[in-house]
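Quick look at input-v3.pdb (PDB, C-alpha atoms):
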ATOM      1  CA  MET A   1       4.370  26.923  11.199
ATOM      2  CA  LYS A   2       3.486  25.467  14.584
ATOM      3  CA  VAL A   3       1.556  22.210  14.531
ATOM      4  CA  LYS A   4      -0.198  20.530  17.431
ATOM      5  CA  ILE A   5       0.822  16.917  18.013
ATOM      6  CA  LEU A   6      -0.911  14.391  20.248
ATOM      7  CA  ALA A   7       0.689  11.179  21.440
ATOM      8  CA  PHE A   8      -0.833   7.929  22.680
ATOM      9  CA  GLY A   9       0.446   4.659  24.118
ATOM     10  CA  ILE A  10       4.200   4.331  24.153
ATOM     11  CA  ALA A  11       4.524   7.524  22.067
ATOM     12  CA  LYS A  12       3.216   9.461  25.064
ATOM     13  CA  ASP A  13       6.013   7.983  27.188
ATOM     14  CA  ILE A  14       8.625   8.798  24.525
ATOM     15  CA  VAL A  15       7.695  12.459  24.115
ATOM     16  CA  GLY A  16       6.934  12.870  27.816
ATOM     17  CA  GLY A  17       3.332  13.997  27.557
ATOM     18  CA  LYS A  18       0.068  13.709  25.732
ATOM     19  CA  ALA A  19       0.116  16.971  23.775
ATOM     20  CA  GLY A  20       2.784  19.234  22.339
ATOM     21  CA  GLU A  21       3.689  21.534  19.488
ATOM     22  CA  MET A  22       6.416  21.269  16.878
ATOM     23  CA  GLU A  23       7.664  23.734  14.297
ATOM     24  CA  PHE A  24       7.596  22.677  10.630
ATOM     25  CA  SER A  25       8.188  24.456   7.348
ATOM     26  CA  GLU A  26       5.233  25.207   5.084
ATOM     27  CA  HIS A  27       4.235  22.209   2.946
ATOM     28  CA  ALA A  28       6.034  19.752   5.224
ATOM     29  CA  THR A  29       5.165  16.124   4.524
ATOM     30  CA  ILE A  30       4.372  13.295   6.920
ATOM     31  CA  SER A  31       7.737  11.825   5.978
ATOM     32  CA  GLN A  32       9.443  15.003   7.245
ATOM     33  CA  VAL A  33       7.341  14.952  10.409
ATOM     34  CA  LYS A  34       8.426  11.376  11.125
ATOM     35  CA  THR A  35      12.087  12.213  10.479
ATOM     36  CA  ALA A  36      11.889  15.238  12.776
ATOM     37  CA  LEU A  37      10.291  13.147  15.512
ATOM     38  CA  SER A  38      12.940  10.429  15.200
ATOM     39  CA  GLU A  39      15.715  13.039  15.382
ATOM     40  CA  LYS A  40      14.257  14.704  18.452
ATOM     41  CA  TYR A  41      13.259  11.407  20.117
ATOM     42  CA  PRO A  42      15.528   8.547  18.931
ATOM     43  CA  ASP A  43      13.350   6.007  20.782
ATOM     44  CA  PHE A  44      10.842   6.214  17.902
ATOM     45  CA  ASP A  45      13.315   4.275  15.754
ATOM     46  CA  LYS A  46      13.178   1.401  18.248
ATOM     47  CA  LEU A  47       9.451   0.876  17.661
ATOM     48  CA  ALA A  48       8.177  -1.850  15.356
ATOM     49  CA  LYS A  49       6.703   1.056  13.356
ATOM     50  CA  PHE A  50       4.766   4.263  13.892
ATOM     51  CA  SER A  51       2.215   6.098  11.810
ATOM     52  CA  ILE A  52       0.885   9.617  11.774
ATOM     53  CA  ALA A  53      -2.798  10.407  11.665
ATOM     54  CA  VAL A  54      -3.991  13.811  10.494
ATOM     55  CA  ASN A  55      -7.412  15.006  11.590
ATOM     56  CA  GLU A  56      -8.400  11.500  12.692
ATOM     57  CA  SER A  57      -7.299   9.615   9.545
ATOM     58  CA  TYR A  58      -4.125   7.717   8.720
ATOM     59  CA  GLN A  59      -2.016   9.535   6.116
ATOM     60  CA  ASP A  60       0.910   8.233   4.093
ATOM     61  CA  ASP A  61       4.427   9.687   3.915
ATOM     62  CA  ALA A  62       3.695  11.985   0.950
ATOM     63  CA  TYR A  63       0.769  13.773   2.592
ATOM     64  CA  VAL A  64       1.345  17.530   3.022
ATOM     65  CA  ILE A  65       0.319  18.987   6.360
ATOM     66  CA  SER A  66      -1.279  22.386   6.864
ATOM     67  CA  GLU A  67      -1.462  24.872   9.674
ATOM     68  CA  GLY A  68      -4.273  23.939  12.041
ATOM     69  CA  ASP A  69      -4.015  20.215  11.361
ATOM     70  CA  GLU A  70      -4.172  17.907  14.352
ATOM     71  CA  LEU A  71      -1.346  15.387  14.092
ATOM     72  CA  VAL A  72      -1.391  12.243  16.179
ATOM     73  CA  ILE A  73       1.493   9.831  16.635
ATOM     74  CA  ILE A  74       0.151   6.285  16.313
ATOM     75  CA  PRO A  75       2.565   3.654  17.649
ATOM     76  CA  PRO A  76       1.741  -0.026  16.899
ATOM     77  CA  VAL A  77      -1.864  -0.558  17.959
ATOM     78  CA  SER A  78      -2.805  -3.421  20.279
ATOM     79  CA  GLY A  79      -6.527  -3.329  20.886
ATOM     80  CA  GLY A  80      -8.782  -6.358  21.131
TER      81      GLY A  80
ATOM     82  CA  MET B   1     -27.840  -1.294  11.963
ATOM     83  CA  ILE B   2     -24.364  -0.538  13.287
ATOM     84  CA  ASP B   3     -23.673  -0.071  16.987
ATOM     85  CA  ILE B   4     -20.187   1.076  17.967
ATOM     86  CA  THR B   5     -19.120   1.905  21.493
ATOM     87  CA  ILE B   6     -15.893   2.619  23.323
ATOM     88  CA  SER B   7     -16.524   2.602  27.040
ATOM     89  CA  SER B   8     -14.663   2.743  30.326
ATOM     90  CA  LYS B   9     -17.495   0.732  31.904
ATOM     91  CA  PRO B  10     -17.841  -3.104  31.825
ATOM     92  CA  LEU B  11     -19.118  -4.468  28.494
ATOM     93  CA  SER B  12     -22.253  -6.585  28.152
ATOM     94  CA  VAL B  13     -22.371  -9.625  25.873
ATOM     95  CA  SER B  14     -26.159  -9.785  26.070
ATOM     96  CA  GLN B  15     -26.458  -6.144  25.022
ATOM     97  CA  CYS B  16     -24.399  -6.793  21.861
ATOM     98  CA  TYR B  17     -26.155 -10.057  21.120
ATOM     99  CA  ASP B  18     -29.613  -8.537  21.601
ATOM    100  CA  TYR B  19     -28.672  -5.712  19.254
ATOM    101  CA  VAL B  20     -27.842  -8.022  16.356
ATOM    102  CA  HIS B  21     -30.664 -10.504  16.873
ATOM    103  CA  ASP B  22     -32.827 -10.222  13.755
ATOM    104  CA  GLN B  23     -35.436 -12.379  12.026
ATOM    105  CA  ARG B  24     -33.840 -11.817   8.623
ATOM    106  CA  ALA B  25     -30.660 -13.527   9.823
ATOM    107  CA  GLY B  26     -29.880 -17.216   9.861
ATOM    108  CA  GLY B  27     -26.534 -16.877  11.619
ATOM    109  CA  ASN B  28     -25.245 -14.807  14.513
ATOM    110  CA  ALA B  29     -21.537 -14.810  15.328
ATOM    111  CA  LEU B  30     -20.191 -13.442  18.565
ATOM    112  CA  PHE B  31     -16.551 -12.897  19.493
ATOM    113  CA  VAL B  32     -15.599 -11.965  23.038
ATOM    114  CA  GLY B  33     -12.001 -11.027  23.822
ATOM    115  CA  THR B  34     -11.021 -11.335  27.490
ATOM    116  CA  VAL B  35      -7.979 -10.579  29.629
ATOM    117  CA  ARG B  36      -5.688 -13.625  29.792
ATOM    118  CA  ASP B  37      -3.689 -14.373  32.938
ATOM    119  CA  GLN B  38      -0.333 -14.704  31.186
ATOM    120  CA  THR B  39       1.663 -13.611  28.165
ATOM    121  CA  GLN B  40       4.399 -15.947  26.906
ATOM    122  CA  GLY B  41       4.459 -17.649  30.292
ATOM    123  CA  LYS B  42       4.695 -14.431  32.289
ATOM    124  CA  ALA B  43       1.892 -13.769  34.775
ATOM    125  CA  VAL B  44      -0.244 -10.752  33.896
ATOM    126  CA  VAL B  45      -1.677  -8.784  36.812
ATOM    127  CA  ARG B  46      -3.955  -6.384  34.946
ATOM    128  CA  LEU B  47      -4.264  -4.374  31.706
ATOM    129  CA  ASP B  48      -4.812  -0.788  30.742
ATOM    130  CA  PHE B  49      -6.419   0.154  27.422
ATOM    131  CA  GLU B  50      -6.017   3.633  26.015
ATOM    132  CA  ALA B  51      -7.920   4.828  22.934
ATOM    133  CA  TYR B  52      -7.711   7.776  20.572
ATOM    134  CA  LYS B  53     -11.451   7.733  20.732
ATOM    135  CA  PRO B  54     -12.740   9.818  17.796
ATOM    136  CA  MET B  55     -10.428   8.077  15.328
ATOM    137  CA  ALA B  56     -10.962   4.651  16.893
ATOM    138  CA  ILE B  57     -14.703   5.035  16.351
ATOM    139  CA  LYS B  58     -14.126   6.034  12.717
ATOM    140  CA  GLU B  59     -11.881   3.012  12.118
ATOM    141  CA  MET B  60     -14.405   0.686  13.781
ATOM    142  CA  GLN B  61     -17.109   2.187  11.565
ATOM    143  CA  LYS B  62     -14.970   1.395   8.485
ATOM    144  CA  ILE B  63     -14.694  -2.217   9.637
ATOM    145  CA  ALA B  64     -18.463  -2.423  10.068
ATOM    146  CA  ASP B  65     -19.045  -0.867   6.627
ATOM    147  CA  THR B  66     -16.815  -3.523   5.062
ATOM    148  CA  MET B  67     -18.720  -6.273   6.902
ATOM    149  CA  VAL B  68     -21.933  -4.972   5.346
ATOM    150  CA  GLU B  69     -20.464  -4.699   1.851
ATOM    151  CA  ARG B  70     -18.508  -7.937   1.763
ATOM    152  CA  TRP B  71     -20.641 -10.327   3.843
ATOM    153  CA  SER B  72     -24.091  -8.683   3.690
ATOM    154  CA  ALA B  73     -24.054  -8.228   7.442
ATOM    155  CA  LEU B  74     -27.481  -7.105   8.605
ATOM    156  CA  LYS B  75     -26.567  -5.825  12.053
ATOM    157  CA  ILE B  76     -23.229  -5.280  13.746
ATOM    158  CA  SER B  77     -22.250  -4.417  17.280
ATOM    159  CA  ILE B  78     -18.625  -3.634  18.180
ATOM    160  CA  HIS B  79     -17.841  -2.630  21.749
ATOM    161  CA  HIS B  80     -14.359  -1.965  23.103
ATOM    162  CA  ARG B  81     -13.339  -1.279  26.660
ATOM    163  CA  THR B  82     -10.868   1.327  27.901
ATOM    164  CA  GLY B  83      -9.267   1.927  31.278
ATOM    165  CA  THR B  84      -8.066  -0.661  33.766
ATOM    166  CA  LEU B  85      -9.160  -4.281  33.275
ATOM    167  CA  GLU B  86      -8.668  -7.210  35.622
ATOM    168  CA  LEU B  87      -8.073 -10.847  34.638
ATOM    169  CA  GLY B  88     -11.097 -12.332  32.899
ATOM    170  CA  ASP B  89     -12.667  -8.954  32.125
ATOM    171  CA  ILE B  90     -14.091  -8.424  28.642
ATOM    172  CA  ALA B  91     -11.900  -6.206  26.445
ATOM    173  CA  VAL B  92     -13.859  -6.408  23.208
ATOM    174  CA  ILE B  93     -17.127  -7.797  21.852
ATOM    175  CA  ILE B  94     -18.013  -8.219  18.200
ATOM    176  CA  ALA B  95     -21.480  -9.413  17.276
ATOM    177  CA  VAL B  96     -22.778  -9.777  13.743
ATOM    178  CA  CYS B  97     -25.730 -11.389  12.024
ATOM    179  CA  THR B  98     -25.902 -12.444   8.388
ATOM    180  CA  PRO B  99     -28.423 -14.361   6.281
ATOM    181  CA  HIS B 100     -26.237 -17.509   6.281
ATOM    182  CA  ARG B 101     -23.845 -18.904   8.866
ATOM    183  CA  LYS B 102     -20.518 -18.937   7.009
ATOM    184  CA  ALA B 103     -20.661 -15.221   6.326
ATOM    185  CA  SER B 104     -21.204 -14.481  10.006
ATOM    186  CA  PHE B 105     -18.023 -16.379  11.002
ATOM    187  CA  ASP B 106     -15.998 -14.765   8.222
ATOM    188  CA  ALA B 107     -17.257 -11.248   8.936
ATOM    189  CA  CYS B 108     -16.597 -11.642  12.655
ATOM    190  CA  GLN B 109     -13.071 -12.934  12.043
ATOM    191  CA  TYR B 110     -12.362 -10.075   9.650
ATOM    192  CA  ALA B 111     -13.590  -7.590  12.238
ATOM    193  CA  ILE B 112     -11.386  -8.746  15.114
ATOM    194  CA  ASP B 113      -8.323  -9.242  12.890
ATOM    195  CA  THR B 114      -8.682  -5.781  11.335
ATOM    196  CA  LEU B 115      -9.474  -4.109  14.655
ATOM    197  CA  LYS B 116      -6.164  -5.391  15.996
ATOM    198  CA  GLU B 117      -4.325  -3.864  13.024
ATOM    199  CA  THR B 118      -6.005  -0.516  12.419
ATOM    200  CA  VAL B 119      -8.004   0.768  15.387
ATOM    201  CA  PRO B 120      -5.984   3.218  17.507
ATOM    202  CA  ILE B 121      -6.295   1.493  20.855
ATOM    203  CA  TRP B 122      -3.274   0.524  22.950
ATOM    204  CA  LYS B 123      -2.885  -2.176  25.558
ATOM    205  CA  LYS B 124      -0.450  -1.951  28.442
ATOM    206  CA  GLU B 125       0.220  -5.207  30.263
ATOM    207  CA  TYR B 126       1.174  -5.045  33.912
ATOM    208  CA  PHE B 127       3.320  -7.776  35.455
ATOM    209  CA  GLU B 128       4.553  -8.205  39.027
ATOM    210  CA  ASP B 129       7.817  -6.501  38.050
ATOM    211  CA  GLY B 130       6.808  -3.853  35.511
ATOM    212  CA  ALA B 131       4.676  -3.045  32.500
ATOM    213  CA  VAL B 132       4.931  -2.995  28.704
ATOM    214  CA  TRP B 133       2.980  -1.473  25.833
ATOM    215  CA  VAL B 134       2.004  -4.546  23.816
ATOM    216  CA  ALA B 135       3.439  -4.863  20.266
ATOM    217  CA  ALA B 136       5.339  -1.571  20.505
ATOM    218  CA  HIS B 137       8.738  -3.109  19.830
ATOM    219  CA  PRO B 138       9.753  -5.673  17.197
TER     220      PRO B 138
END

Encoded form (structure tokens):
Amino acid sequence: MKVKILAFGIAKDIVGGKAGEMEFSEHATISQVKTALSEKYPDFDKLAKFSIAVNESYQDDAYVISEGDELVIIPPVSGG
Amino acid sequence: MIDITISSKPLSVSQCYDYVHDQRAGGNALFVGTVRDQTQGKAVVRLDFEAYKPMAIKEMQKIADTMVERWSALKISIHHRTGTLELGDIAVIIAVCTPHRKASFDACQYAIDTLKETVPIWKKEYFEDGAVWVAAHP
């Protein structure tokens, strides 16, 4: 299935744009999404960490994504 | 009771303070984060803040909810700036009032500390010779 992915901060620089799509198998987990991102863009492994938000909430590695979800790559935040 | 804003326009301390002013409260705490002129000795020229706005507002709301639950905060105002900021500009304001003073300090400290850890907002620091996304790398 195709899933929409948004990127902010340094993640936007790494993937070369704010929005994109990636192909995942049905029942893919956040852990698999992160692995796929690191394989496609090795610079993600240089970050202090990065998280994935699904539909505007942080989700842990075991979370299963669905078609139509909005995934967002959250590199280390630095507000305030 | 809770006022949360993310804005590309200059923030107002008096607006946040006025919002939380309340006769039921004995203590008002106000934190104002501003743009510092250097980072680890290196001169900063300006900053850019980028936000994933809908989620940032949700995470700020969670912080405010915890302030109410844990410290009986009566009113809370959290404003964060986005876009380009110059030296001295206000990046964030947190205002809170509580029945007693200690809770207002503690709630305010919790809010800024947690905001820096959970709210999806990113700061890019510009120097004379380049720019970096703050905290991105170990």

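Ranking A:Leu6, A:Ser38, A:Gln32, A:Glu56 by their shortest atom-to-atom distance to chain B, with all atoms listed in the file included, puts A:Glu56 first.
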
On this structure, the PyMOL selection byres ((chain B) within 9 of (chain A)) would catch which residues? List them as a ChimeraX atom specification, sorted by chain and number. /B:33-34,49-52,54-56,58-59,80-81,91-93,112-113,115-124,132-138

Taking the file as I've supplied it (selection: the PyMOL selection byres ((chain A and resi 63) around 9)), which residues are included? Please answer as a ChimeraX atom specification. /A:28-31,59-62,64-65

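With CA of His100 in chain B on one side and CA of Asp65 in chain B on the other, the separation reads 18.1 Å.
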
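Considering the residues B:Val44, B:Val68, B:Ile90, B:Cys97 and counting only C-alpha atoms, His21 in chain B has its shortest atom-to-atom contact with B:Cys97.
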
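For the residues B:Asp3, B:Glu86, B:Glu69, B:Asp18, ranking by smallest atom-to-atom distance to Arg46 in chain B using all atoms listed in the file places B:Glu86 first.
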
One number please: CA of Gln15 in chain B to CA of Ala95 in chain B, in Å, one decimal. 9.8 Å

Name the residues that the PyMOL selection byres ((chain B and resi 101-107) around 7) picks from the file above, as number ranges by chain, using the file's chain letters and numbers. B: 26-29, 67, 71, 96-100, 108-111

Enclose range 84-92 of chain B, meaning all of its atoms listed in the file, in a box aligned along x, y and z, pad it by 6 Å on each side, and list the centre and edge lengths in Å to one decimal, as JSON.
{"center_x": -11.1, "center_y": -6.5, "center_z": 29.4, "size_x": 18.0, "size_y": 23.7, "size_z": 24.4}

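One distance worth recording is that between CA of Ser8 in chain B and CA of Val15 in chain A, which is 25.2 Å.
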